[in-house]
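A.B. asks: See run.pdb below, with PDB, C-alpha atoms.
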```
ATOM      1  CA  MET A   1      65.525  82.333  97.010
ATOM      2  CA  LYS A   2      68.773  83.449  98.593
ATOM      3  CA  THR A   3      70.092  81.144 101.285
ATOM      4  CA  VAL A   4      70.841  82.849 104.597
ATOM      5  CA  SER A   5      74.526  82.583 105.536
ATOM      6  CA  PRO A   6      75.469  80.802 108.757
ATOM      7  CA  VAL A   7      75.936  83.176 111.707
ATOM      8  CA  ARG A   8      79.716  82.849 111.565
ATOM      9  CA  GLU A   9      79.796  83.915 107.920
ATOM     10  CA  GLN A  10      77.510  86.849 108.609
ATOM     11  CA  LEU A  11      79.738  87.935 111.475
ATOM     12  CA  LEU A  12      82.787  87.832 109.220
ATOM     13  CA  GLU A  13      81.033  89.685 106.400
ATOM     14  CA  HIS A  14      80.017  92.537 108.707
ATOM     15  CA  THR A  15      83.427  92.559 110.367
ATOM     16  CA  LEU A  16      85.107  93.049 107.001
ATOM     17  CA  VAL A  17      82.954  96.133 106.437
ATOM     18  CA  LEU A  18      83.530  97.497 109.937
ATOM     19  CA  LEU A  19      87.290  96.989 109.744
ATOM     20  CA  GLY A  20      87.431  98.581 106.298
ATOM     21  CA  THR A  21      85.486 101.658 107.403
ATOM     22  CA  ARG A  22      86.304 102.108 111.094
ATOM     23  CA  GLY A  23      89.417 100.072 111.779
ATOM     24  CA  TYR A  24      90.163  97.675 114.638
ATOM     25  CA  ASN A  25      89.461 100.143 117.444
ATOM     26  CA  GLY A  26      86.407 101.696 115.813
ATOM     27  CA  PHE A  27      83.787  99.096 116.690
ATOM     28  CA  SER A  28      82.743  96.754 119.472
ATOM     29  CA  TYR A  29      81.072  93.366 119.739
ATOM     30  CA  ARG A  30      77.881  95.252 120.598
ATOM     31  CA  ASP A  31      78.042  97.102 117.246
ATOM     32  CA  LEU A  32      78.547  93.813 115.445
ATOM     33  CA  ALA A  33      75.777  92.081 117.366
ATOM     34  CA  GLU A  34      73.284  94.795 116.372
ATOM     35  CA  LEU A  35      74.217  94.495 112.700
ATOM     36  CA  VAL A  36      73.856  90.728 112.633
ATOM     37  CA  GLY A  37      70.893  90.597 114.972
ATOM     38  CA  VAL A  38      72.404  88.304 117.594
ATOM     39  CA  LYS A  39      73.516  88.580 121.201
ATOM     40  CA  THR A  40      77.143  89.372 121.965
ATOM     41  CA  SER A  41      77.385  85.944 123.600
ATOM     42  CA  SER A  42      76.790  84.434 120.154
ATOM     43  CA  ILE A  43      79.808  86.294 118.792
ATOM     44  CA  HIS A  44      81.976  85.017 121.655
ATOM     45  CA  TYR A  45      80.876  81.481 120.793
ATOM     46  CA  TYR A  46      82.450  81.761 117.329
ATOM     47  CA  PHE A  47      85.188  84.270 118.159
ATOM     48  CA  PRO A  48      86.093  84.243 121.876
ATOM     49  CA  THR A  49      88.102  87.471 121.578
ATOM     50  CA  LYS A  50      88.241  90.438 119.241
ATOM     51  CA  GLU A  51      91.737  89.296 118.343
ATOM     52  CA  ASP A  52      90.301  86.003 117.059
ATOM     53  CA  LEU A  53      87.680  87.894 115.050
ATOM     54  CA  ALA A  54      90.178  90.312 113.497
ATOM     55  CA  LEU A  55      92.610  87.533 112.603
ATOM     56  CA  ALA A  56      89.868  85.486 110.920
ATOM     57  CA  ALA A  57      88.715  88.561 108.989
ATOM     58  CA  VAL A  58      92.223  89.446 107.794
ATOM     59  CA  GLN A  59      92.881  85.857 106.753
ATOM     60  CA  ALA A  60      89.586  85.647 104.860
ATOM     61  CA  TYR A  61      90.264  88.976 103.150
ATOM     62  CA  ALA A  62      93.824  88.030 102.225
ATOM     63  CA  THR A  63      92.752  84.619 100.923
ATOM     64  CA  ASN A  64      90.104  86.152  98.679
ATOM     65  CA  ILE A  65      92.462  88.777  97.256
ATOM     66  CA  GLY A  66      95.289  86.246  96.986
ATOM     67  CA  ASP A  67      93.150  83.831  94.990
ATOM     68  CA  LEU A  68      92.279  86.598  92.523
ATOM     69  CA  MET A  69      95.934  87.610  92.190
ATOM     70  CA  ARG A  70      97.094  84.040  91.627
ATOM     71  CA  GLU A  71      94.629  83.721  88.757
ATOM     72  CA  MET A  72      96.650  86.365  86.900
ATOM     73  CA  ASP A  73      99.223  84.259  85.060
ATOM     74  CA  ILE A  74     102.649  85.848  85.381
ATOM     75  CA  ASN A  75     103.376  84.856  81.773
ATOM     76  CA  GLY A  76     100.264  86.592  80.443
ATOM     77  CA  PRO A  77     100.209  90.093  78.880
ATOM     78  CA  LEU A  78     101.597  92.553  81.427
ATOM     79  CA  LYS A  79      99.129  95.312  80.640
ATOM     80  CA  GLU A  80      96.156  92.990  81.054
ATOM     81  CA  GLN A  81      97.450  91.680  84.389
ATOM     82  CA  VAL A  82      98.091  95.142  85.763
ATOM     83  CA  GLU A  83      94.636  96.386  84.789
ATOM     84  CA  LYS A  84      93.027  93.413  86.544
ATOM     85  CA  TYR A  85      95.196  94.073  89.583
ATOM     86  CA  LEU A  86      94.318  97.765  89.698
ATOM     87  CA  ALA A  87      90.641  96.859  89.367
ATOM     88  CA  LEU A  88      90.940  95.154  92.758
ATOM     89  CA  TRP A  89      91.897  98.493  94.266
ATOM     90  CA  ARG A  90      89.114 100.390  92.512
ATOM     91  CA  LYS A  91      86.396  98.107  93.935
ATOM     92  CA  ASN A  92      86.290 100.117  97.157
ATOM     93  CA  LEU A  93      86.024 103.537  95.539
ATOM     94  CA  GLY A  94      82.840 105.298  96.595
ATOM     95  CA  THR A  95      81.969 102.709  99.255
ATOM     96  CA  GLY A  96      83.541 104.480 102.207
ATOM     97  CA  ARG A  97      85.853 101.516 102.628
ATOM     98  CA  VAL A  98      89.592 101.288 102.029
ATOM     99  CA  CYS A  99      91.857  98.250 101.891
ATOM    100  CA  LEU A 100      91.166  96.399 105.133
ATOM    101  CA  CYS A 101      94.846  95.627 105.637
ATOM    102  CA  GLY A 102      95.848  99.215 104.888
ATOM    103  CA  MET A 103      93.363 100.459 107.466
ATOM    104  CA  LEU A 104      94.629  98.063 110.108
ATOM    105  CA  ALA A 105      98.278  98.797 109.336
ATOM    106  CA  ALA A 106      97.674 102.358 110.554
ATOM    107  CA  GLU A 107      96.774 100.885 113.957
ATOM    108  CA  ALA A 108      99.839  98.638 114.132
ATOM    109  CA  THR A 109     100.871  99.707 117.636
ATOM    110  CA  SER A 110      97.557  98.574 119.133
ATOM    111  CA  LEU A 111      97.117  95.298 117.251
ATOM    112  CA  PRO A 112      97.843  91.780 118.548
ATOM    113  CA  GLN A 113     101.035  90.219 117.167
ATOM    114  CA  ASN A 114      99.288  87.469 115.203
ATOM    115  CA  VAL A 115      97.140  90.060 113.412
ATOM    116  CA  LEU A 116     100.275  92.095 112.636
ATOM    117  CA  THR A 117     101.934  89.011 111.198
ATOM    118  CA  ALA A 118      98.925  88.360 108.961
ATOM    119  CA  LEU A 119      99.044  91.968 107.740
ATOM    120  CA  GLN A 120     102.757  91.702 106.979
ATOM    121  CA  THR A 121     102.100  88.549 104.979
ATOM    122  CA  PHE A 122      99.415  90.392 102.998
ATOM    123  CA  TYR A 123     101.778  93.253 102.187
ATOM    124  CA  SER A 124     104.557  90.852 101.217
ATOM    125  CA  MET A 125     102.174  89.042  98.856
ATOM    126  CA  HIS A 126     101.416  92.276  97.004
ATOM    127  CA  GLU A 127     105.043  93.381  96.925
ATOM    128  CA  ALA A 128     106.102  90.025  95.470
ATOM    129  CA  TRP A 129     103.357  90.206  92.814
ATOM    130  CA  ILE A 130     104.336  93.721  91.753
ATOM    131  CA  THR A 131     108.056  92.882  91.850
ATOM    132  CA  GLN A 132     107.592  89.963  89.463
ATOM    133  CA  ARG A 133     105.809  92.185  86.928
ATOM    134  CA  LEU A 134     108.390  94.939  87.238
ATOM    135  CA  GLU A 135     111.190  92.439  86.662
ATOM    136  CA  ARG A 136     109.437  91.264  83.509
ATOM    137  CA  ALA A 137     109.056  94.845  82.301
ATOM    138  CA  VAL A 138     112.757  95.489  82.851
ATOM    139  CA  ALA A 139     113.806  92.265  81.113
ATOM    140  CA  GLU A 140     111.358  92.351  78.204
ATOM    141  CA  LYS A 141     110.790  96.056  77.581
ATOM    142  CA  GLY A 142     113.930  97.678  78.879
ATOM    143  CA  VAL A 143     112.087  99.834  81.394
ATOM    144  CA  LYS A 144     114.422 101.813  83.625
ATOM    145  CA  LEU A 145     113.077 102.139  87.131
ATOM    146  CA  PRO A 146     114.133 104.746  89.712
ATOM    147  CA  ALA A 147     114.934 101.881  92.120
ATOM    148  CA  THR A 148     115.338  98.092  92.077
ATOM    149  CA  PRO A 149     112.093  96.181  91.365
ATOM    150  CA  PRO A 150     111.611  95.055  94.998
ATOM    151  CA  VAL A 151     112.154  98.576  96.340
ATOM    152  CA  TYR A 152     109.977 100.191  93.693
ATOM    153  CA  ALA A 153     107.284  97.587  94.370
ATOM    154  CA  MET A 154     107.173  98.753  97.987
ATOM    155  CA  THR A 155     106.869 102.345  96.767
ATOM    156  CA  ILE A 156     104.010 101.494  94.407
ATOM    157  CA  LEU A 157     102.124  99.506  97.042
ATOM    158  CA  GLY A 158     102.493 102.368  99.505
ATOM    159  CA  ALA A 159     101.200 104.800  96.887
ATOM    160  CA  LEU A 160      98.173 102.608  96.147
ATOM    161  CA  GLN A 161      97.285 102.315  99.837
ATOM    162  CA  SER A 162      97.705 106.047 100.357
ATOM    163  CA  GLY A 163      95.851 106.806  97.113
ATOM    164  CA  LEU A 164      92.818 104.818  98.229
ATOM    165  CA  ILE A 165      92.783 106.515 101.624
ATOM    166  CA  SER A 166      93.130 110.012 100.176
ATOM    167  CA  ALA A 167      90.487 109.207  97.531
ATOM    168  CA  ARG A 168      88.078 108.576 100.404
ATOM    169  CA  LEU A 169      89.269 111.683 102.252
ATOM    170  CA  PHE A 170      88.779 114.027  99.297
ATOM    171  CA  GLY A 171      86.012 112.081  97.567
ATOM    172  CA  LYS A 172      88.105 112.082  94.397
ATOM    173  CA  PRO A 173      88.971 108.817  92.587
ATOM    174  CA  CYS A 174      91.793 110.649  90.809
ATOM    175  CA  ARG A 175      93.803 110.298  93.998
ATOM    176  CA  LEU A 176      93.976 106.552  93.371
ATOM    177  CA  ASP A 177      94.393 107.089  89.630
ATOM    178  CA  ALA A 178      97.599 109.015  90.287
ATOM    179  CA  ALA A 179      99.046 106.089  92.219
ATOM    180  CA  SER A 180      97.859 103.624  89.586
ATOM    181  CA  ALA A 181      99.771 105.602  86.972
ATOM    182  CA  MET A 182     103.040 104.662  88.660
ATOM    183  CA  LEU A 183     102.496 100.970  88.003
ATOM    184  CA  ARG A 184     101.054 101.456  84.519
ATOM    185  CA  SER A 185     104.009 103.575  83.453
ATOM    186  CA  ALA A 186     106.485 101.062  84.823
ATOM    187  CA  ILE A 187     105.196  98.117  82.811
ATOM    188  CA  THR A 188     103.760  99.696  79.641
ATOM    189  CA  PRO A 189     106.289 102.169  78.194
ATOM    190  CA  GLU A 190     104.754 104.158  75.349
ATOM    191  CA  SER A 191     105.450 102.929  71.831
ATOM    192  CA  GLY A 192     107.441 100.030  73.265
ATOM    193  CA  LYS A 193     110.429 102.289  73.899
ATOM    194  CA  PRO A 194     112.505 102.087  77.087
ATOM    195  CA  GLN A 195     111.606 104.816  79.563
ATOM    196  CA  THR A 196     111.944 105.611  83.225
ATOM    197  CA  ALA A 197     109.094 105.442  85.688
ATOM    198  CA  GLU A 198     110.075 108.766  87.264
ATOM    199  CA  ALA A 199     107.401 110.621  85.311
ATOM    200  CA  ALA A 200     104.710 108.563  87.013
ATOM    201  CA  THR A 201     106.124 109.425  90.426
ATOM    202  CA  ALA A 202     105.790 113.126  89.584
ATOM    203  CA  VAL A 203     102.028 112.700  89.241
ATOM    204  CA  LEU A 204     101.767 112.264  93.004
ATOM    205  CA  SER A 205     103.649 115.439  93.880
TER     206      SER A 205
END
```
Spell out the structure here as structure tokens.
C.D. replies:
Amino acid sequence: MKTVSPVREQLLEHTLVLLGTRGYNGFSYRDLAELVGVKTSSIHYYFPTKEDLALAAVQAYATNIGDLMREMDINGPLKEQVEKYLALWRKNLGTGRVCLCGMLAAEATSLPQNVLTALQTFYSMHEAWITQRLERAVAEKGVKLPATPPVYAMTILGALQSGLISARLFGKPCRLDAASAMLRSAITPESGKPQTAEAATAVLS
């Protein structure tokens, strides 16, 4: 028999869904209370303000994703690592949800500073992960990138976020596939020969 989660955990679970589908300004404590089946006063007990709730949700989301990324040994096969990484992005396809941090980033001007800082940390974590793999591809496989690894990592992350959003907009997973191709091409040159990653960028045009 499945154990019922404590109220705080249920609140966070539903908040993750609401933030990933509606964003920070798209729901209220009343919406959350109805989903969990509690009074709004119960939410305030655990999270006095919406800022507290959003920060806890972002931190929980980032910790979960970060743990999965850290399990991917940087010295392991590049192709295998990248496929596991891209699988994290594909989990939301067809659910109506996008990356929680990508959704919130679009509302940056209306978010509390501590939530913004948590989002920036999340983005930096992904950029560092991608950069490390690109640097390996350059050193070990002679891949020629259209920009330095750190700059191209920012480009790839932006493409993945946009690809997931446009996949939801058009209802077409290929929108994310096009962005994924940029990273795949950068770390797995065909036949082991040096190549540029510019061809992958063209897929998005």
A.B. asks: Can you tell me, as a list in words, what residues are no more than 7 Å from Gly20 (chain A) when counting all atoms listed in the file, ignoring any on the same chain fewer than 6 positions away?
C.D. replies: Arg97, Val98, Cys99, Leu100 and Met103 of chain A
A.B. asks: Could you state which residues are captured by the PyMOL selection byres ((chain A and resi 83) around 12) in this file, as a PDB file with C-alpha atoms, in the coordinates of the input?
C.D. replies:
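Listed below is the output, result04.pdb:
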```
ATOM      1  CA  MET A  69      95.934  87.610  92.190  1.00  0.00           C
ATOM      2  CA  MET A  72      96.650  86.365  86.900  1.00  0.00           C
ATOM      3  CA  PRO A  77     100.209  90.093  78.880  1.00  0.00           C
ATOM      4  CA  LEU A  78     101.597  92.553  81.427  1.00  0.00           C
ATOM      5  CA  LYS A  79      99.129  95.312  80.640  1.00  0.00           C
ATOM      6  CA  GLU A  80      96.156  92.990  81.054  1.00  0.00           C
ATOM      7  CA  GLN A  81      97.450  91.680  84.389  1.00  0.00           C
ATOM      8  CA  VAL A  82      98.091  95.142  85.763  1.00  0.00           C
ATOM      9  CA  LYS A  84      93.027  93.413  86.544  1.00  0.00           C
ATOM     10  CA  TYR A  85      95.196  94.073  89.583  1.00  0.00           C
ATOM     11  CA  LEU A  86      94.318  97.765  89.698  1.00  0.00           C
ATOM     12  CA  ALA A  87      90.641  96.859  89.367  1.00  0.00           C
ATOM     13  CA  LEU A  88      90.940  95.154  92.758  1.00  0.00           C
ATOM     14  CA  TRP A  89      91.897  98.493  94.266  1.00  0.00           C
ATOM     15  CA  ARG A  90      89.114 100.390  92.512  1.00  0.00           C
ATOM     16  CA  ASP A 177      94.393 107.089  89.630  1.00  0.00           C
ATOM     17  CA  SER A 180      97.859 103.624  89.586  1.00  0.00           C
ATOM     18  CA  ALA A 181      99.771 105.602  86.972  1.00  0.00           C
ATOM     19  CA  LEU A 183     102.496 100.970  88.003  1.00  0.00           C
ATOM     20  CA  ARG A 184     101.054 101.456  84.519  1.00  0.00           C
ATOM     21  CA  SER A 185     104.009 103.575  83.453  1.00  0.00           C
ATOM     22  CA  ILE A 187     105.196  98.117  82.811  1.00  0.00           C
ATOM     23  CA  THR A 188     103.760  99.696  79.641  1.00  0.00           C
TER      24      THR A 188
END
```
A.B. asks: For Gly37 (chain A), which residue out of A:Pro150, A:Leu19, A:Asn25, A:His14 is the nearest one, using only C-alpha atoms?
C.D. replies: A:His14
A.B. asks: Would you pick out the contacts of Pro149 (chain A) at 8 Å or less, using all atoms listed in the file, so that residues sharing its chain but fewer than 2 positions from it are not included, and give the list as JSON, numbers by chain?
C.D. replies: {"A": [131, 132, 134, 135, 145, 147, 151, 152, 153]}
A.B. asks: Could you spell out the hits of the PyMOL selection byres ((chain A and resi 11) around 12) on the shown file, as a VMD selection string?
C.D. replies: chain A and resid 5 to 10 12 to 19 29 to 40 42 to 47 50 53 to 54 56 to 57
A.B. asks: Please provide as a list in words all residues within 12 Å of Asn114 (chain A), with the sequence filter that same-chain residues fewer than 2 positions apart are discarded (counting all atoms listed in the file).
C.D. replies: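 Returned residues: Glu51, Asp52, Leu53, Ala54, Leu55, Ala56, Val58, Gln59, Ala108, Ser110, Leu111, Pro112, Leu116, Thr117, Ala118, Leu119, Gln120 and Thr121 of chain A.
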A.B. asks: Which residue gives the smallest distance to Phe122 (chain A) among A:Gly23, A:Gly163, A:Gly66, A:Pro48, with all atoms listed in the file counted?
C.D. replies: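 Residue with the minimum atom-to-atom distance to Phe122 (chain A): A:Gly66.
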A.B. asks: Dump as a ChimeraX atom specification all residues having an atom at most 8 Å from (97.6, 109.2, 96.0), computed in the file's coordinates with all atoms listed in the file.
C.D. replies: /A:159-167,174-179,204
A.B. asks: Please produce a file of those selected residues containing C-alpha atoms, as a PDB file, keeping the file's coordinate frame.
C.D. replies:
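What follows is the written file result_0.pdb:
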```pdb
ATOM      1  CA  ALA A 159     101.200 104.800  96.887  1.00  0.00           C
ATOM      2  CA  LEU A 160      98.173 102.608  96.147  1.00  0.00           C
ATOM      3  CA  GLN A 161      97.285 102.315  99.837  1.00  0.00           C
ATOM      4  CA  SER A 162      97.705 106.047 100.357  1.00  0.00           C
ATOM      5  CA  GLY A 163      95.851 106.806  97.113  1.00  0.00           C
ATOM      6  CA  LEU A 164      92.818 104.818  98.229  1.00  0.00           C
ATOM      7  CA  ILE A 165      92.783 106.515 101.624  1.00  0.00           C
ATOM      8  CA  SER A 166      93.130 110.012 100.176  1.00  0.00           C
ATOM      9  CA  ALA A 167      90.487 109.207  97.531  1.00  0.00           C
ATOM     10  CA  CYS A 174      91.793 110.649  90.809  1.00  0.00           C
ATOM     11  CA  ARG A 175      93.803 110.298  93.998  1.00  0.00           C
ATOM     12  CA  LEU A 176      93.976 106.552  93.371  1.00  0.00           C
ATOM     13  CA  ASP A 177      94.393 107.089  89.630  1.00  0.00           C
ATOM     14  CA  ALA A 178      97.599 109.015  90.287  1.00  0.00           C
ATOM     15  CA  ALA A 179      99.046 106.089  92.219  1.00  0.00           C
ATOM     16  CA  LEU A 204     101.767 112.264  93.004  1.00  0.00           C
TER      17      LEU A 204
END
```
A.B. asks: Grab the CA of Gly171 (chain A) to CA of Arg22 (chain A) distance for me, in Å with one decimal place.
C.D. replies: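 Answer for the CA of Gly171 (chain A) to CA of Arg22 (chain A) separation: 16.8 Å.
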